[in-house]
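One structure is given here, and the rest of the page talks about it.
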Amino acid sequence: MIYLDNSATTVPDSTVLKSFEQVSTTFFANPSSIHPLGGEAEKLLIQAKKQAAEILYVAENEIIFTSGGTEGNNIAIKGIALEHQSRGKHIITTQIEHPSVDNACKSLEKLGFEITYLPVNRDGVIALSDLKQAIRNDTILISIMHVNNELGSIQPIAEIGKIAKQYPKLFFHVDYVQGLGKVPLTLRNSGIDLCTMSGHKIHGLKGTGLLFVKNRTTLFPLFHGGEQEQAIRSGTENLAGAVSIVKALRLIMEKERLYKQRLYELQRFLREELEKIEAVKVNTPIHAAPHIINFSIPGIKPEVMIHMLSEEEIYISTKSACSSKKSDESKILAACGFSDDRAVSALRVSLSYQNTEEELTNFIHVLKEKIQQFKEVME
Amino acid sequence: MQYDHILIRYGEMALKGKNIKQFIIRLQENIQHKLAAFPNIKVKRTQGRMFILLNGHDPEPIIEKCKNIFGIQSMSLAIKVENDPDKIKEAALYALKNATNVNTFKVSVKRINKDFPIASQEMNQVLGRHLLINTNEIKVDVHHPDLEIKVEIRLEAAYITSSVIQGLGGLPVGTSGKSLLLLSGGIDSPVAGYLAMKRGVQIEAIHFHSPPFTSERAKQKVLDLAKQLTKYGKSIQVHIVPFTKLQQEIFREMPDGYAMTIMRRMMMRISERVCVNQEILSLTTGENLGQVASQTMQSMNTINEVTNYPIIRPLITMDKTEIINISREIGTYDTSILPYEDCCTIFVPKSPKTKPKREKANLFESKKDFTKLMDEAIAGIETIKVSARDTETKFDGLF
């Protein structure tokens with residue numbers, strides 16, 4: 001099997017799974033219970049937060065454990081919108097966000113909020129001047145993703161943060177789900193108020209996530225209840241999940257430090273090989289995250305190619321898994337100004353630190369074969 | 001090109017006379033201790049300042065750690081380059097480009113090495129021009145710049161420093177002796193400990209524990225608070241006094257209105273005994289004038305009668321809101337407000353005297369001999385060493 005769909009999800013690390021199991025069996029008590037078992041569970045929860053805070057260079061009380069990226073994005077966007085609507089009802093985001101940001105914003109439109117969707121250039125990057133122009137007196141939130149999930153393009157988050165800092169009334173949320181462990185992002189003093197991370201994209205488990213909430217940022221919670229997680233996310237804590245994501249976080253950061261260059265080299269190799277194939281057009285810009293390569297084979301339906309490759313146990317995807325079931329056109333590629341035939345035929349290879357050059361060589365080899373096969377069938 | 005060292009400035013310490021050396025050595029030790037997780041760094045002393053040589057480490061987390069070290073007035077990231085005008089230009093540009101929120105700057109060149117071919121004034125202009133040409137939208141402002149880039153051309157090399165990062169100030173922990181902090185688990189006492197540490201005091205803590213009326217979690221809370229204070233110093237010894245029997249006896253035998261006062265007097269006596277054993281010369285409390293019944297002038301007078309050890313009361317004249325603000329800043333607030341019973345909140349008499357008198361307290365105490373129970377409590381003290389780095393061994397491997 002050659003698994004090249006790591007932006008959809010990753011295989012859980014075995015030691016992360018083991019931690020999950022150990023915590024689930026040994027520290028099963030409710031951290032809110034006042035007996036010693038509960039006390040122990042609470043201690044472990046605090047330890048997990050502390051560890052996460054150290055890795056991300058933030059304060060312990062700025063870490064909220066969530067169920068993943070979609071929840072993190074929803075808490076951040078709706079939470080800010082509902083809590084601060086008296087200040088204004090204008091939100092700025094981009095045309096290339098993940099559906100959990102895009103649809104959260106759309107849902108707010110129904111509640112009377114006005115959303116500005118910033119355009120992107122051919123490389124999938126917004127213009128800072130557009131952002132500056134879009135900011136108004138009643139803007140309360142900017143929500144912009146770090147690494148794009150389909151294309152791998154990187155937004156200038158540090159620069160956006162500097163702009164956001166000049167407007168103390170305005171919050172800045174970053175969807176960091178795809179960038180985590182691949183492209184560094186500084187949270188402290190960056191102007192970022194909220195930042196979403198997910199466990200299962202970094203070899204952690206589904207149902208685990210982290211949300212960075214900068215001190216003194218108030219949110220209207222989506223869940224009300226026992227006021228766990230500073231009342232931002234009520235519900236008995238998923239302690240095993242929390243420990244497991246922190247472990248996954250530590251491991252991915254180590255890998256990032258050691259192997260990021262190698263990942264860039266793999267990506268360069270893949271790009272060069274793809275560019276050699278006449279039928280293939282690479283869509284991912286040169287300046288991009290190291291793990292994503294998006295390309296189109298105009299004239300071949302991406303779904304067909306996915307199935308042809310999976311016959312050989314090679315797994316890649318069309319655009320993002322979360323929007324894969326809808327019509328074939330990639331909204332994101334369309335927003336970048338790619339022609340229709342490219343936007344409807346896009347495929348995505350997404351790597352992990354485990355992939356090897358040999359796997360990629362095989363993949364290229366099979367891909368060429370399949371393209372040839374397809375052409376023969378059609379002619 | 002990247003920042004290769006951090007310049008450390010110590011403010012008030014520089015005023016110290018002959019014993020300055022011991023202050024500086026202590027500061028150096030404290031920095032080394034705090035940065036033990038960064039194996040390649042070196043902490044060096046030179047005249048009037050200190051350097052942390054980064055040797056490849058990322059400066060950001062190191063600066064964060066240094067922000068919690070008392071005795072550091074301020075810090076700056078710095079680059080050391082050869083005495084070569086082009087190298088200096090490059091370094092200055094790097095410093096400017098890596099600073100955030102800068103719209104205006106100024107360059108200040110100090111030429112100590114007179115062999116360097118360009119004079120200070122001229123070098124200022126050379127650098128200013130270079131920076132203006134290579135950046136957009138950034139201007140020079142010699143009076144109120146957002147960023148002052150300092151260039152020192154010394155004999156061995158040139159040093160370029162940029163933004164000044166504020167430190168905590170104060171004196172290095174350990175230069176003012178030891179004090180025993182009465183740590184209850186509330187908001188005030190950890191803040192008092194922090195402020196004492198700020199003046200160079202090394203803290204040990206004492207906590208009165210009354211199981212089963214107070215739970216293991218209340219004790220854990222105190223250990224957690226102590227641990228949070230270790231962030232500003234080294235490890236802290238916490239002396240846990242088994243207080244149940246003595247406390248029950250006081251509340252059974254002493255008149256209701258005086259039980260609280262007498263309990264506090266017992267705490268002071270026990271604390272003083274611990275001081276003697278540990279060679280500690282003072283007590284530190286979170287007392288705050290007028291906050292509760294035991295903190296009226298009369299109460300303090302009556303309670304203080306039983307010890308002649310100095311009592312450091314850093315919060316004595318503060319407002320509650322000021323205390324809460326510090327508590328939030330140092331990160332103890334969230335732990336402090338956890339709702340566990342402590343020894344001061346159980347057995348609360350219906351109407352404690354807010355104006356107790358010494359004579360009366362002495363009279364009541366003379367009717368009952370508490371010596372045995374006090375000795376027992378002291379003999380039963382459990383001492384736990386809390387350090388910033390130790391994690392629960394039970395949790396080993398989970399992360």
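In the structure tokens, each chain is lettered A, B, ... as it comes, each chain's residues begin at 1, and ligands are numbered from 1 in order of appearance.
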
Residues within 8 Å of stretch 302-312 of chain A, please, as a tab-separated table (two decimals) with N, CA and C atoms, in the first residue's frame. Count only C-alpha atoms; anything in the same chain fewer than 2 positions from it doesn't count.
chain	number	residue	atom	x	y	z
A	1	MET	N	0.83	-1.20	0.00
A	1	MET	CA	0.00	0.00	0.00
A	1	MET	C	0.88	1.27	0.00
A	297	ILE	N	-5.05	16.66	-14.31
A	297	ILE	CA	-4.86	15.96	-15.58
A	297	ILE	C	-6.09	16.31	-16.43
A	300	ILE	N	-9.24	14.09	-17.71
A	300	ILE	CA	-9.51	12.87	-16.95
A	300	ILE	C	-10.25	13.23	-15.67
A	314	ILE	N	-2.73	2.37	-4.32
A	314	ILE	CA	-2.14	3.70	-4.14
A	314	ILE	C	-3.29	4.65	-3.84
A	315	TYR	N	-3.16	5.36	-2.71
A	315	TYR	CA	-4.29	6.19	-2.29
A	315	TYR	C	-3.95	7.67	-2.29
A	316	ILE	N	-4.61	8.40	-3.16
A	316	ILE	CA	-4.48	9.86	-3.15
A	316	ILE	C	-5.90	10.41	-3.13
A	317	SER	N	-6.10	11.71	-3.28
A	317	SER	CA	-7.47	12.20	-3.23
A	317	SER	C	-7.71	13.32	-4.24
A	318	THR	N	-9.00	13.57	-4.44
A	318	THR	CA	-9.39	14.76	-5.18
A	318	THR	C	-9.52	15.82	-4.12
A	328	ASP	N	-17.52	18.10	-8.77
A	328	ASP	CA	-16.11	17.89	-9.00
A	328	ASP	C	-15.26	19.16	-8.99
A	344	VAL	N	-11.66	21.18	-12.54
A	344	VAL	CA	-12.49	19.98	-12.37
A	344	VAL	C	-11.68	18.70	-12.43
A	345	SER	N	-10.38	18.81	-12.66
A	345	SER	CA	-9.60	17.57	-12.80
A	345	SER	C	-8.44	17.51	-11.80
A	346	ALA	N	-8.62	18.18	-10.67
A	346	ALA	CA	-7.51	18.29	-9.73
A	346	ALA	C	-7.39	17.07	-8.82
A	347	LEU	N	-6.16	16.70	-8.58
A	347	LEU	CA	-5.83	15.60	-7.68
A	347	LEU	C	-4.85	16.11	-6.64
A	366	VAL	N	3.19	4.20	-11.84
A	366	VAL	CA	1.81	3.73	-12.00
A	366	VAL	C	0.94	4.83	-12.62
A	367	LEU	N	1.16	6.05	-12.18
A	367	LEU	CA	0.35	7.17	-12.70
A	367	LEU	C	0.51	7.26	-14.23
A	370	LYS	N	-1.39	4.52	-15.90
A	370	LYS	CA	-2.84	4.72	-15.85
A	370	LYS	C	-3.29	5.78	-16.85

Assign secondary structure with DSSP using the backbone only, and return the residues of stretch 50-110 of chain A in helix (DSSP H, G or I) as an MDAnalysis selection string.
-> chainID A and resid 50:56 60:62 69:83 99:110

Name the residues in contact with A:Ala76 at a cut-off of 8 Å, using only C-alpha atoms, excluding same-chain residues fewer than 4 positions from it; report them as number ranges by chain.
-> A: 72, 80, 173, 194, 219

From a DSSP calculation on the backbone, collect every residue of stretch 100-168 of chain A in strand (DSSP E) and output the set as a ChimeraX atom specification.
-> /A:114-118,139-145

Test item: residues at most 12 Å from B:Ser366, only C-alpha atoms, excluding those fewer than 5 positions along its chain, as a ChimeraX atom specification | /B:253-254,262,359-361,371

With only C-alpha atoms counted and 10 Å as the cut-off, give the residues of chain B in contact with chain A, each with its shortest interatomic distance in Å and the pair that gives it, as a tab-separated table.
residue	atom	partner	partner_atom	distance
B:Glu60	CA	A:Tyr57	CA	8.7
B:Pro61	CA	A:Tyr57	CA	7.0
B:Glu64	CA	A:Tyr57	CA	8.4
B:Thr100	CA	A:Lys162	CA	7.6
B:Asn101	CA	A:Lys162	CA	7.0
B:Ser215	CA	A:His35	CA	8.4
B:Glu216	CA	A:Pro36	CA	7.0
B:Arg217	CA	A:Gly39	CA	6.3
B:Ala218	CA	A:Gly39	CA	9.9
B:Gln220	CA	A:Gly39	CA	8.5
B:Lys221	CA	A:Gly39	CA	9.9
B:Asp224	CA	A:Lys43	CA	9.4
B:Gly331	CA	A:Asn61	CA	8.7
B:Asp334	CA	A:Asn61	CA	8.6
B:Tyr340	CA	A:Ile34	CA	8.9
B:Thr391	CA	A:Gln47	CA	8.0
B:Glu392	CA	A:Leu44	CA	8.5
B:Lys394	CA	A:Leu44	CA	9.4
B:Phe395	CA	A:Leu44	CA	7.2
B:Gly397	CA	A:Ser19	CA	7.7
B:Leu398	CA	A:Ser19	CA	5.1
B:Phe399	CA	A:Lys247	CA	4.7

Could you give me, as an MDAnalysis selection string, the residues within 9 Å of B:Leu155, counting only C-alpha atoms and dropping anything in the same chain fewer than 5 positions from it?
-> chainID B and resid 83 112:116

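By only C-alpha atoms, and with residues fewer than 5 positions from A:Lys106 along its chain excluded, the set lying at most 12 Å from it is Asn74, Ile77, Lys78, Ile91, Ile92, Thr93, Gln95, Glu97, Pro99, Ser100, Val101, Leu111, Gly112, Phe113, Glu114, Ile115, Thr116 and Tyr117 of chain A.
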
Deliver the residues from the most recent selection as a file, using C-alpha atoms, as a compact mmCIF listing (two decimals), in the first residue's frame.
# COMPACT_ATOMS: atom_id res chain seq x y z
CA ASN A 74 -16.63 26.71 14.87
CA ILE A 77 -15.70 31.93 14.62
CA LYS A 78 -19.17 31.62 16.10
CA ILE A 91 -16.11 39.30 9.46
CA ILE A 92 -13.25 38.94 6.98
CA THR A 93 -12.17 35.58 5.64
CA GLN A 95 -12.37 32.43 -0.67
CA GLU A 97 -11.05 28.37 3.51
CA PRO A 99 -15.64 24.18 4.75
CA SER A 100 -15.65 24.32 8.55
CA VAL A 101 -14.66 27.98 8.32
CA LEU A 111 -27.93 35.69 11.53
CA GLY A 112 -27.29 39.08 9.99
CA PHE A 113 -23.51 39.11 9.85
CA GLU A 114 -21.74 40.44 6.82
CA ILE A 115 -18.79 38.44 5.52
CA THR A 116 -16.03 39.63 3.19
CA TYR A 117 -14.39 36.77 1.31

For A:Asp340, work out the shell of residues within 10 Å, counting only C-alpha atoms and skipping chain neighbours fewer than 3 positions away, then give it as a ChimeraX atom specification.
-> /A:298,329-330,333-334,337,343-345

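Closest approach to B:Leu289 among B:Lys367, B:Ser210, B:Ile316, B:Pro242: B:Ile316, based on only C-alpha atoms.
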
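What separates atom CA of A:Leu185 from atom CA of A:Pro156 is a distance of 10.3 Å.
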
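Of the listed residues B:Val241, B:Ile337, B:Ala99, B:Met50, the one whose atoms come nearest to B:Pro190 is B:Ile337, with distances taken using only C-alpha atoms.
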